[in-house]
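> What follows is work_18.cif, mmCIF, C-alpha atoms and all ligand atoms.
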```cif
data_data
#
loop_
_atom_site.group_PDB
_atom_site.id
_atom_site.type_symbol
_atom_site.label_atom_id
_atom_site.label_comp_id
_atom_site.auth_asym_id
_atom_site.auth_seq_id
_atom_site.Cartn_x
_atom_site.Cartn_y
_atom_site.Cartn_z
ATOM 1 C CA MET A 1 0.000 0.000 0.000
ATOM 2 C CA THR A 2 1.420 3.390 -0.864
ATOM 3 C CA GLN A 3 1.230 6.060 1.785
ATOM 4 C CA GLU A 4 -0.509 9.191 0.649
ATOM 5 C CA PHE A 5 1.067 11.209 3.460
ATOM 6 C CA VAL A 6 4.757 11.000 4.026
ATOM 7 C CA LEU A 7 4.618 12.909 7.280
ATOM 8 C CA GLU A 8 1.668 13.221 9.617
ATOM 9 C CA THR A 9 0.899 14.471 13.107
ATOM 10 C CA ARG A 10 -2.102 13.420 15.151
ATOM 11 C CA GLY A 11 -3.205 15.477 18.117
ATOM 12 C CA LEU A 12 0.293 16.907 18.475
ATOM 13 C CA THR A 13 0.432 19.022 21.630
ATOM 14 C CA LYS A 14 3.204 20.795 23.514
ATOM 15 C CA GLU A 15 2.715 22.450 26.843
ATOM 16 C CA PHE A 16 5.309 24.568 28.602
ATOM 17 C CA ARG A 17 4.496 24.751 32.281
ATOM 18 C CA GLY A 18 0.757 24.892 31.685
ATOM 19 C CA PHE A 19 0.991 27.112 28.573
ATOM 20 C CA THR A 20 -0.153 25.300 25.425
ATOM 21 C CA ALA A 21 2.220 26.364 22.640
ATOM 22 C CA VAL A 22 1.015 23.657 20.219
ATOM 23 C CA ASP A 23 -2.579 22.604 20.581
ATOM 24 C CA ASP A 24 -3.868 19.376 19.026
ATOM 25 C CA VAL A 25 -2.227 19.846 15.626
ATOM 26 C CA ASN A 26 -3.061 17.405 12.830
ATOM 27 C CA LEU A 27 -0.735 17.947 9.887
ATOM 28 C CA GLN A 28 -0.721 15.893 6.729
ATOM 29 C CA VAL A 29 2.182 16.373 4.374
ATOM 30 C CA ARG A 30 1.735 14.807 0.974
ATOM 31 C CA GLU A 31 4.539 12.965 -0.802
ATOM 32 C CA GLY A 32 6.294 15.267 -3.266
ATOM 33 C CA HIS A 33 4.770 18.473 -1.950
ATOM 34 C CA ILE A 34 6.491 21.622 -0.761
ATOM 35 C CA HIS A 35 4.429 22.292 2.355
ATOM 36 C CA ALA A 36 4.739 25.500 4.379
ATOM 37 C CA LEU A 37 3.961 26.194 7.977
ATOM 38 C CA ILE A 38 3.111 29.867 8.372
ATOM 39 C CA GLY A 39 1.446 32.049 10.969
ATOM 40 C CA PRO A 40 1.901 35.229 12.988
ATOM 41 C CA ASN A 41 4.630 35.597 15.610
ATOM 42 C CA GLY A 42 4.223 33.262 18.538
ATOM 43 C CA ALA A 43 1.806 30.995 16.624
ATOM 44 C CA GLY A 44 3.805 27.878 17.479
ATOM 45 C CA LYS A 45 5.592 27.248 14.158
ATOM 46 C CA THR A 46 9.054 26.816 15.641
ATOM 47 C CA THR A 47 7.692 24.580 18.376
ATOM 48 C CA VAL A 48 5.953 22.318 15.814
ATOM 49 C CA PHE A 49 9.170 22.240 13.813
ATOM 50 C CA ASN A 50 11.190 21.335 16.898
ATOM 51 C CA LEU A 51 8.724 18.551 17.701
ATOM 52 C CA LEU A 52 8.974 17.156 14.169
ATOM 53 C CA THR A 53 12.761 17.305 14.186
ATOM 54 C CA LYS A 54 13.057 15.823 17.682
ATOM 55 C CA PHE A 55 14.538 18.862 19.351
ATOM 56 C CA LEU A 56 11.583 18.729 21.760
ATOM 57 C CA PRO A 57 9.447 15.855 23.053
ATOM 58 C CA PRO A 58 5.681 16.331 22.665
ATOM 59 C CA THR A 59 3.374 16.463 25.677
ATOM 60 C CA ARG A 60 0.779 14.441 23.734
ATOM 61 C CA GLY A 61 0.118 13.212 20.242
ATOM 62 C CA GLU A 62 1.804 11.240 17.539
ATOM 63 C CA ILE A 63 4.159 11.806 14.622
ATOM 64 C CA LEU A 64 4.064 9.359 11.718
ATOM 65 C CA TYR A 65 6.432 8.830 8.825
ATOM 66 C CA ARG A 66 4.833 6.881 5.988
ATOM 67 C CA GLY A 67 2.214 5.691 8.456
ATOM 68 C CA ARG A 68 4.766 4.455 10.961
ATOM 69 C CA PRO A 69 4.947 6.064 14.412
ATOM 70 C CA ILE A 70 8.226 7.914 14.931
ATOM 71 C CA THR A 71 7.166 9.894 18.006
ATOM 72 C CA ALA A 72 9.690 8.248 20.299
ATOM 73 C CA MET A 73 12.595 8.219 17.839
ATOM 74 C CA ARG A 74 15.658 10.419 18.146
ATOM 75 C CA ALA A 75 16.907 12.925 15.556
ATOM 76 C CA ASN A 76 19.626 10.611 14.226
ATOM 77 C CA GLU A 77 17.134 7.751 13.879
ATOM 78 C CA ILE A 78 14.673 9.782 11.814
ATOM 79 C CA ALA A 79 17.584 11.110 9.730
ATOM 80 C CA ARG A 80 18.388 7.526 8.836
ATOM 81 C CA LEU A 81 14.790 7.100 7.677
ATOM 82 C CA GLY A 82 15.271 10.106 5.397
ATOM 83 C CA LEU A 83 13.838 12.985 7.462
ATOM 84 C CA VAL A 84 16.584 15.578 7.511
ATOM 85 C CA ARG A 85 16.611 19.055 8.995
ATOM 86 C CA SER A 86 18.512 21.922 7.440
ATOM 87 C CA PHE A 87 19.105 25.618 8.148
ATOM 88 C CA GLN A 88 19.429 27.642 11.273
ATOM 89 C CA ILE A 89 21.770 25.261 12.934
ATOM 90 C CA SER A 90 25.047 25.744 11.309
ATOM 91 C CA ALA A 91 25.715 22.391 9.788
ATOM 92 C CA VAL A 92 28.939 23.638 8.261
ATOM 93 C CA PHE A 93 32.400 23.940 9.736
ATOM 94 C CA ALA A 94 33.775 27.432 9.240
ATOM 95 C CA HIS A 95 37.410 26.518 8.806
ATOM 96 C CA MET A 96 36.925 23.751 6.288
ATOM 97 C CA THR A 97 36.521 24.265 2.571
ATOM 98 C CA ALA A 98 33.140 23.796 0.911
ATOM 99 C CA LEU A 99 34.309 20.447 -0.492
ATOM 100 C CA GLU A 100 35.572 19.226 2.891
ATOM 101 C CA ASN A 101 32.258 20.111 4.506
ATOM 102 C CA VAL A 102 30.274 18.069 1.988
ATOM 103 C CA ARG A 103 32.767 15.232 2.323
ATOM 104 C CA VAL A 104 32.276 15.131 6.092
ATOM 105 C CA ALA A 105 28.509 15.002 5.574
ATOM 106 C CA LEU A 106 28.917 12.122 3.115
ATOM 107 C CA GLN A 107 31.154 10.273 5.559
ATOM 108 C CA ARG A 108 28.512 10.712 8.221
ATOM 109 C CA ARG A 109 25.984 9.129 5.931
ATOM 110 C CA LEU A 110 28.308 6.212 5.270
ATOM 111 C CA GLY A 111 29.024 5.833 8.968
ATOM 112 C CA THR A 112 32.756 6.236 8.405
ATOM 113 C CA SER A 113 32.992 9.657 9.954
ATOM 114 C CA PHE A 114 36.396 10.865 10.985
ATOM 115 C CA HIS A 115 38.361 7.908 9.698
ATOM 116 C CA PHE A 116 41.350 10.151 9.398
ATOM 117 C CA TRP A 117 43.714 7.215 9.085
ATOM 118 C CA LYS A 118 42.211 6.298 5.738
ATOM 119 C CA SER A 119 44.443 7.037 2.810
ATOM 120 C CA GLU A 120 43.687 10.031 0.653
ATOM 121 C CA ARG A 121 42.987 7.683 -2.256
ATOM 122 C CA SER A 122 40.142 5.931 -0.458
ATOM 123 C CA LEU A 123 38.441 9.312 -0.246
ATOM 124 C CA GLU A 124 38.512 9.942 -3.979
ATOM 125 C CA PRO A 125 35.071 8.487 -4.752
ATOM 126 C CA LEU A 126 33.717 10.695 -1.948
ATOM 127 C CA ASP A 127 35.285 13.725 -3.574
ATOM 128 C CA GLU A 128 33.516 12.951 -6.824
ATOM 129 C CA ARG A 129 30.165 12.731 -5.094
ATOM 130 C CA ALA A 130 30.932 15.857 -3.031
ATOM 131 C CA LEU A 131 31.755 17.803 -6.186
ATOM 132 C CA ALA A 132 28.524 16.618 -7.801
ATOM 133 C CA LEU A 133 26.587 17.868 -4.782
ATOM 134 C CA LEU A 134 28.366 21.229 -4.895
ATOM 135 C CA GLU A 135 27.419 21.454 -8.546
ATOM 136 C CA GLU A 136 23.805 20.656 -7.701
ATOM 137 C CA VAL A 137 23.649 23.750 -5.485
ATOM 138 C CA GLY A 138 25.662 25.961 -7.863
ATOM 139 C CA LEU A 139 28.890 25.985 -5.810
ATOM 140 C CA GLN A 140 31.120 24.089 -8.224
ATOM 141 C CA ASP A 141 33.561 27.018 -8.368
ATOM 142 C CA ASP A 142 33.742 27.324 -4.564
ATOM 143 C CA ALA A 143 35.009 23.831 -3.777
ATOM 144 C CA ASP A 144 38.302 25.068 -2.321
ATOM 145 C CA VAL A 145 36.977 28.201 -0.636
ATOM 146 C CA LEU A 146 37.004 28.240 3.164
ATOM 147 C CA THR A 147 33.443 28.327 4.446
ATOM 148 C CA VAL A 148 34.194 31.263 6.731
ATOM 149 C CA GLU A 149 35.074 33.288 3.640
ATOM 150 C CA MET A 150 31.855 32.532 1.772
ATOM 151 C CA PRO A 151 29.054 35.103 1.611
ATOM 152 C CA TYR A 152 25.898 34.290 3.586
ATOM 153 C CA GLY A 153 23.768 33.129 0.636
ATOM 154 C CA ARG A 154 26.480 30.698 -0.458
ATOM 155 C CA LYS A 155 26.819 29.308 3.056
ATOM 156 C CA ARG A 156 23.115 28.577 2.971
ATOM 157 C CA ALA A 157 23.535 26.815 -0.376
ATOM 158 C CA LEU A 158 26.393 24.808 1.160
ATOM 159 C CA GLU A 159 24.075 23.788 3.995
ATOM 160 C CA VAL A 160 21.681 22.476 1.357
ATOM 161 C CA ALA A 161 24.517 20.451 -0.171
ATOM 162 C CA THR A 162 25.431 18.954 3.225
ATOM 163 C CA THR A 163 21.753 18.126 3.762
ATOM 164 C CA LEU A 164 21.517 16.460 0.344
ATOM 165 C CA ALA A 165 24.559 14.370 1.289
ATOM 166 C CA LEU A 166 22.329 12.628 3.830
ATOM 167 C CA GLU A 167 19.969 11.599 0.996
ATOM 168 C CA PRO A 168 16.784 13.008 2.482
ATOM 169 C CA THR A 169 13.362 11.957 1.283
ATOM 170 C CA VAL A 170 11.858 14.731 3.387
ATOM 171 C CA MET A 171 13.745 17.985 3.908
ATOM 172 C CA LEU A 172 12.726 20.052 6.909
ATOM 173 C CA LEU A 173 13.714 23.683 6.403
ATOM 174 C CA ASP A 174 13.587 26.278 9.144
ATOM 175 C CA GLU A 175 13.172 29.743 7.639
ATOM 176 C CA PRO A 176 15.414 29.140 4.644
ATOM 177 C CA THR A 177 15.393 32.771 3.488
ATOM 178 C CA GLN A 178 15.805 34.418 6.868
ATOM 179 C CA GLY A 179 18.244 37.321 6.873
ATOM 180 C CA MET A 180 18.684 37.323 3.092
ATOM 181 C CA GLY A 181 18.593 40.135 0.588
ATOM 182 C CA ALA A 182 16.232 39.898 -2.395
ATOM 183 C CA GLU A 183 18.853 38.459 -4.729
ATOM 184 C CA ASP A 184 19.804 35.626 -2.366
ATOM 185 C CA VAL A 185 16.106 34.971 -1.695
ATOM 186 C CA ASP A 186 15.538 34.436 -5.429
ATOM 187 C CA ARG A 187 18.507 32.086 -5.602
ATOM 188 C CA ILE A 188 17.436 30.017 -2.616
ATOM 189 C CA VAL A 189 13.861 29.792 -3.952
ATOM 190 C CA GLU A 190 15.218 28.393 -7.206
ATOM 191 C CA LEU A 191 17.501 26.056 -5.289
ATOM 192 C CA ILE A 192 14.691 24.697 -3.105
ATOM 193 C CA ARG A 193 12.551 24.212 -6.194
ATOM 194 C CA ARG A 194 15.363 22.303 -7.877
ATOM 195 C CA VAL A 195 16.286 20.057 -4.948
ATOM 196 C CA SER A 196 12.632 19.346 -4.142
ATOM 197 C CA THR A 197 12.307 17.260 -7.298
ATOM 198 C CA GLY A 198 11.557 13.729 -6.174
ATOM 199 C CA ARG A 199 11.474 14.830 -2.524
ATOM 200 C CA THR A 200 9.081 16.289 -0.001
ATOM 201 C CA VAL A 201 9.818 19.595 1.713
ATOM 202 C CA LEU A 202 8.271 20.979 4.880
ATOM 203 C CA MET A 203 9.315 24.530 5.674
ATOM 204 C CA VAL A 204 8.658 27.198 8.248
ATOM 205 C CA GLU A 205 8.798 30.487 6.377
ATOM 206 C CA HIS A 206 7.969 34.067 7.280
ATOM 207 C CA ASN A 207 8.335 35.489 3.783
ATOM 208 C CA LEU A 208 4.886 35.063 2.233
ATOM 209 C CA GLY A 209 6.241 35.949 -1.225
ATOM 210 C CA VAL A 210 8.497 32.901 -0.997
ATOM 211 C CA VAL A 211 5.603 30.748 0.214
ATOM 212 C CA SER A 212 3.375 31.886 -2.649
ATOM 213 C CA ARG A 213 6.049 31.106 -5.225
ATOM 214 C CA LEU A 214 7.139 27.743 -3.887
ATOM 215 C CA CYS A 215 4.535 25.936 -1.884
ATOM 216 C CA ASP A 216 1.873 23.453 -2.951
ATOM 217 C CA ARG A 217 0.142 23.467 0.383
ATOM 218 C CA ILE A 218 0.128 25.746 3.401
ATOM 219 C CA SER A 219 -0.922 25.183 6.998
ATOM 220 C CA VAL A 220 -1.606 28.386 8.887
ATOM 221 C CA LEU A 221 -1.027 28.222 12.619
ATOM 222 C CA ALA A 222 -2.439 30.693 15.107
ATOM 223 C CA ARG A 223 -2.246 30.375 18.885
ATOM 224 C CA GLY A 224 -0.832 26.888 18.582
ATOM 225 C CA ALA A 225 -3.646 25.484 16.430
ATOM 226 C CA VAL A 226 -4.167 25.025 12.691
ATOM 227 C CA LEU A 227 -6.382 27.895 11.582
ATOM 228 C CA ALA A 228 -6.560 27.185 7.856
ATOM 229 C CA GLU A 229 -5.080 24.928 5.210
ATOM 230 C CA GLY A 230 -4.907 24.938 1.448
ATOM 231 C CA ASP A 231 -2.979 26.486 -1.422
ATOM 232 C CA TYR A 232 -1.709 30.050 -1.224
ATOM 233 C CA ALA A 233 -4.638 31.547 -3.136
ATOM 234 C CA SER A 234 -7.206 30.059 -0.778
ATOM 235 C CA VAL A 235 -5.458 30.686 2.560
ATOM 236 C CA SER A 236 -4.485 34.239 1.660
ATOM 237 C CA LYS A 237 -8.148 35.035 0.948
ATOM 238 C CA ASP A 238 -9.354 33.459 4.180
ATOM 239 C CA PRO A 239 -10.713 36.210 6.470
ATOM 240 C CA ARG A 240 -9.633 34.268 9.595
ATOM 241 C CA VAL A 241 -6.051 34.200 8.335
ATOM 242 C CA ARG A 242 -6.101 37.907 7.519
ATOM 243 C CA GLU A 243 -7.498 38.651 10.928
ATOM 244 C CA ALA A 244 -4.862 36.520 12.687
ATOM 245 C CA TYR A 245 -2.056 38.338 10.879
ATOM 246 C CA MET A 246 -3.576 41.772 11.423
ATOM 247 C CA GLY A 247 -4.283 40.972 15.059
ATOM 248 C CA SER A 248 -0.663 40.089 15.627
ATOM 249 C CA GLU A 249 0.569 43.233 13.863
ATOM 250 C CA ALA A 250 -1.737 45.370 15.968
ATOM 251 C CA ALA A 251 -0.511 43.613 19.116
ATOM 252 C CA GLU A 252 3.113 44.204 18.121
ATOM 253 C CA GLU A 253 2.486 47.874 17.414
ATOM 254 C CA GLU A 254 0.853 48.169 20.792
ATOM 255 C CA ALA A 255 3.752 46.382 22.469
ATOM 256 C CA SER A 256 6.328 48.583 20.752
ATOM 257 C CA GLY A 257 4.323 51.642 21.768
HETATM 258 N N1 LIG B 301 10.760 26.720 25.871
HETATM 259 C C1 LIG B 301 9.648 27.461 26.019
HETATM 260 N N2 LIG B 301 9.148 27.730 27.244
HETATM 261 C C2 LIG B 301 8.016 28.453 27.395
HETATM 262 N N3 LIG B 301 7.305 28.964 26.375
HETATM 263 C C3 LIG B 301 7.753 28.741 25.120
HETATM 264 C C4 LIG B 301 8.943 27.976 24.880
HETATM 265 N N4 LIG B 301 9.137 27.914 23.529
HETATM 266 C C5 LIG B 301 8.108 28.613 22.972
HETATM 267 N N5 LIG B 301 7.282 29.103 23.917
HETATM 268 C C6 LIG B 301 6.068 29.891 23.689
HETATM 269 O O1 LIG B 301 5.245 29.173 22.793
HETATM 270 C C7 LIG B 301 4.603 30.058 21.873
HETATM 271 C C8 LIG B 301 4.908 29.638 20.462
HETATM 272 O O2 LIG B 301 6.281 29.928 20.201
HETATM 273 P P1 LIG B 301 6.990 29.568 18.810
HETATM 274 O O3 LIG B 301 8.383 30.045 18.903
HETATM 275 O O4 LIG B 301 6.751 28.149 18.486
HETATM 276 O O5 LIG B 301 6.149 30.479 17.798
HETATM 277 P P2 LIG B 301 6.505 30.878 16.283
HETATM 278 O O6 LIG B 301 5.248 30.757 15.522
HETATM 279 O O7 LIG B 301 7.658 30.106 15.813
HETATM 280 O O8 LIG B 301 6.880 32.399 16.460
HETATM 281 P P3 LIG B 301 7.914 33.327 15.633
HETATM 282 O O9 LIG B 301 7.276 33.532 14.305
HETATM 283 O O10 LIG B 301 7.922 34.584 16.440
HETATM 284 O O11 LIG B 301 9.218 32.614 15.583
HETATM 285 C C9 LIG B 301 5.082 31.467 22.219
HETATM 286 O O12 LIG B 301 4.105 32.090 23.031
HETATM 287 C C10 LIG B 301 6.359 31.216 22.990
HETATM 288 O O13 LIG B 301 6.585 32.252 23.937
#
```
Produce structure tokens that represent the structure in this file.
Ligand SMILES: Nc1ncnc2c1ncn2[C@@H]1O[C@H](COP(=O)(O)OP(=O)(O)OP(=O)(O)O)[C@@H](O)[C@H]1O

Amino acid sequence: MTQEFVLETRGLTKEFRGFTAVDDVNLQVREGHIHALIGPNGAGKTTVFNLLTKFLPPTRGEILYRGRPITAMRANEIARLGLVRSFQISAVFAHMTALENVRVALQRRLGTSFHFWKSERSLEPLDERALALLEEVGLQDDADVLTVEMPYGRKRALEVATTLALEPTVMLLDEPTQGMGAEDVDRIVELIRRVSTGRTVLMVEHNLGVVSRLCDRISVLARGAVLAEGDYASVSKDPRVREAYMGSEAAEEEASG
């Protein structure tokens, strides 16, 4: 039987000392989709993301991958199943070159990490694969550049390459365009579109322009619960969604005086 939903949550709930940050969330992410989690500040997006990526344990509820419960699994276990998180945790080592960073990620995948005693020659096939991954993200000319010397947008692209090294079937992206100028945003949108071929992507994203350009389906969170779901055209017209966003803007203006 093929699973229609690659990733699912049922009644997912997270309480912090009596405060319900995520309230009975049922998400269904379809195979092959780029699915966005949006919502005003404090809606619970990051908390849902941290539950899905195992940074936090849920108070209640279930997480399923292809119909199989993964609620109790650890981050490295779900990564082995193909659920891989990228962005916002720096997955790259600053004082290694771009190529070395991808090579380390590939070694991790192969379970031969840090076998420094291996001869240089045994690493050659890894180099080929690492170069192919750099090419996939448009960094073929940066292979020998130290990561610390790369501009921000390119570091983000390198993070995508190190994520791809883990052969994800589902990529979990936490605000992929955060802190980027318009030009880098365009590049990363194109990159996500390209690497999403044959994969599923779930992303938390604040930039609604990015969401409208990229995403097949959107879940809107407000006060910890799913307020609306659908494609961009339908959720952006939804009066409840508009009200939730406007409400939060008004609250912020009030708070900032
Ligand atoms: N560790 C924690 N302890 C207590 N409360 C928390 C904790 N983490 C998050 N919260 C609260 O849970 C709510 C949801 O926070 P969360 O960061 O998930 O929202 P968000 O939608 O990602 O917001 P933003 O868009 O501002 O990043 C907020 O009210 C936040 O203060």
> Using all atoms listed in the file, can you tell me which of A:Val170, A:Leu146, A:Ile34, A:Val102 comes closest to Arg80 in chain A?
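Under the stated criterion, the closest residue is A:Val170.
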> As a quick test: using all atoms listed in the file, which residues lie no more than 6 Å away from ligand LIG 301 (chain B)? Give them as a PyMOL selection string.
chain A and resi 16+21+40-47
> Any chance you can output those residues with C-alpha atoms as a PDB file, in the coordinates of the input?

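The result, stored in again.pdb:
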```pdb
ATOM      1  CA  PHE A  16       5.309  24.568  28.602  1.00  0.00           C
ATOM      2  CA  ALA A  21       2.220  26.364  22.640  1.00  0.00           C
ATOM      3  CA  PRO A  40       1.901  35.229  12.988  1.00  0.00           C
ATOM      4  CA  ASN A  41       4.630  35.597  15.610  1.00  0.00           C
ATOM      5  CA  GLY A  42       4.223  33.262  18.538  1.00  0.00           C
ATOM      6  CA  ALA A  43       1.806  30.995  16.624  1.00  0.00           C
ATOM      7  CA  GLY A  44       3.805  27.878  17.479  1.00  0.00           C
ATOM      8  CA  LYS A  45       5.592  27.248  14.158  1.00  0.00           C
ATOM      9  CA  THR A  46       9.054  26.816  15.641  1.00  0.00           C
ATOM     10  CA  THR A  47       7.692  24.580  18.376  1.00  0.00           C
TER      11      THR A  47
END
```
> Evaluated on this file, the PyMOL selection byres (((chain A and resi 158-169) around 9) and not hetatm) picks out some residues - which ones are they, written as JSON, numbers by chain?
{"A": [79, 80, 81, 82, 83, 84, 85, 86, 87, 90, 91, 92, 98, 101, 102, 103, 104, 105, 106, 107, 108, 109, 110, 129, 130, 133, 134, 135, 136, 137, 139, 147, 153, 154, 155, 156, 157, 170, 171, 191, 192, 195, 198, 199, 200, 201]}
> For the atom pair CA of His206 in chain A and CA of Glu31 in chain A, what is the interatomic distance in Å to one decimal place?
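Between CA of His206 in chain A and CA of Glu31 in chain A the gap is 22.9 Å.
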> Need to verify the contact set: Thr177 in chain A, 8 Å, all atoms listed in the file, exclusion of same-chain residues closer than 4 positions in sequence. Can you return it as a PyMOL selection string?
chain A and resi 184-185+188+205+207
> State, in Å with one decimal place, the distance from CA of Ser236 in chain A to CA of Pro58 in chain A.
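These two atoms are separated by 29.4 Å.
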> Which residues match the PyMOL selection byres (((chain A and resi 66) around 8) and not hetatm) in the file above, as a ChimeraX atom specification?
/A:3-8,64-65,67-68
> Please enclose the listed atoms of range 133-140 of chain A in an axis-aligned box, pad each side by 4 Å, and write out the centre and the three edge lengths in Å, rounded to one decimal, as lines of an AutoDock Vina configuration file.

```
center_x = 27.4
center_y = 21.9
center_z = -6.7
size_x = 15.5
size_y = 16.1
size_z = 11.8
```
> For a quick check of understanding, using only C-alpha atoms, which of A:Ile218, A:Val148, A:Leu12, A:Val204 has the smallest distance to His95 in chain A?
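The answer is A:Val148, which sits nearest to His95 in chain A.
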> Can you work out the spacing between CA of Ile63 in chain A and CA of Arg193 in chain A in Å, to one decimal?
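Result for CA of Ile63 in chain A versus CA of Arg193 in chain A: 25.6 Å, one decimal.
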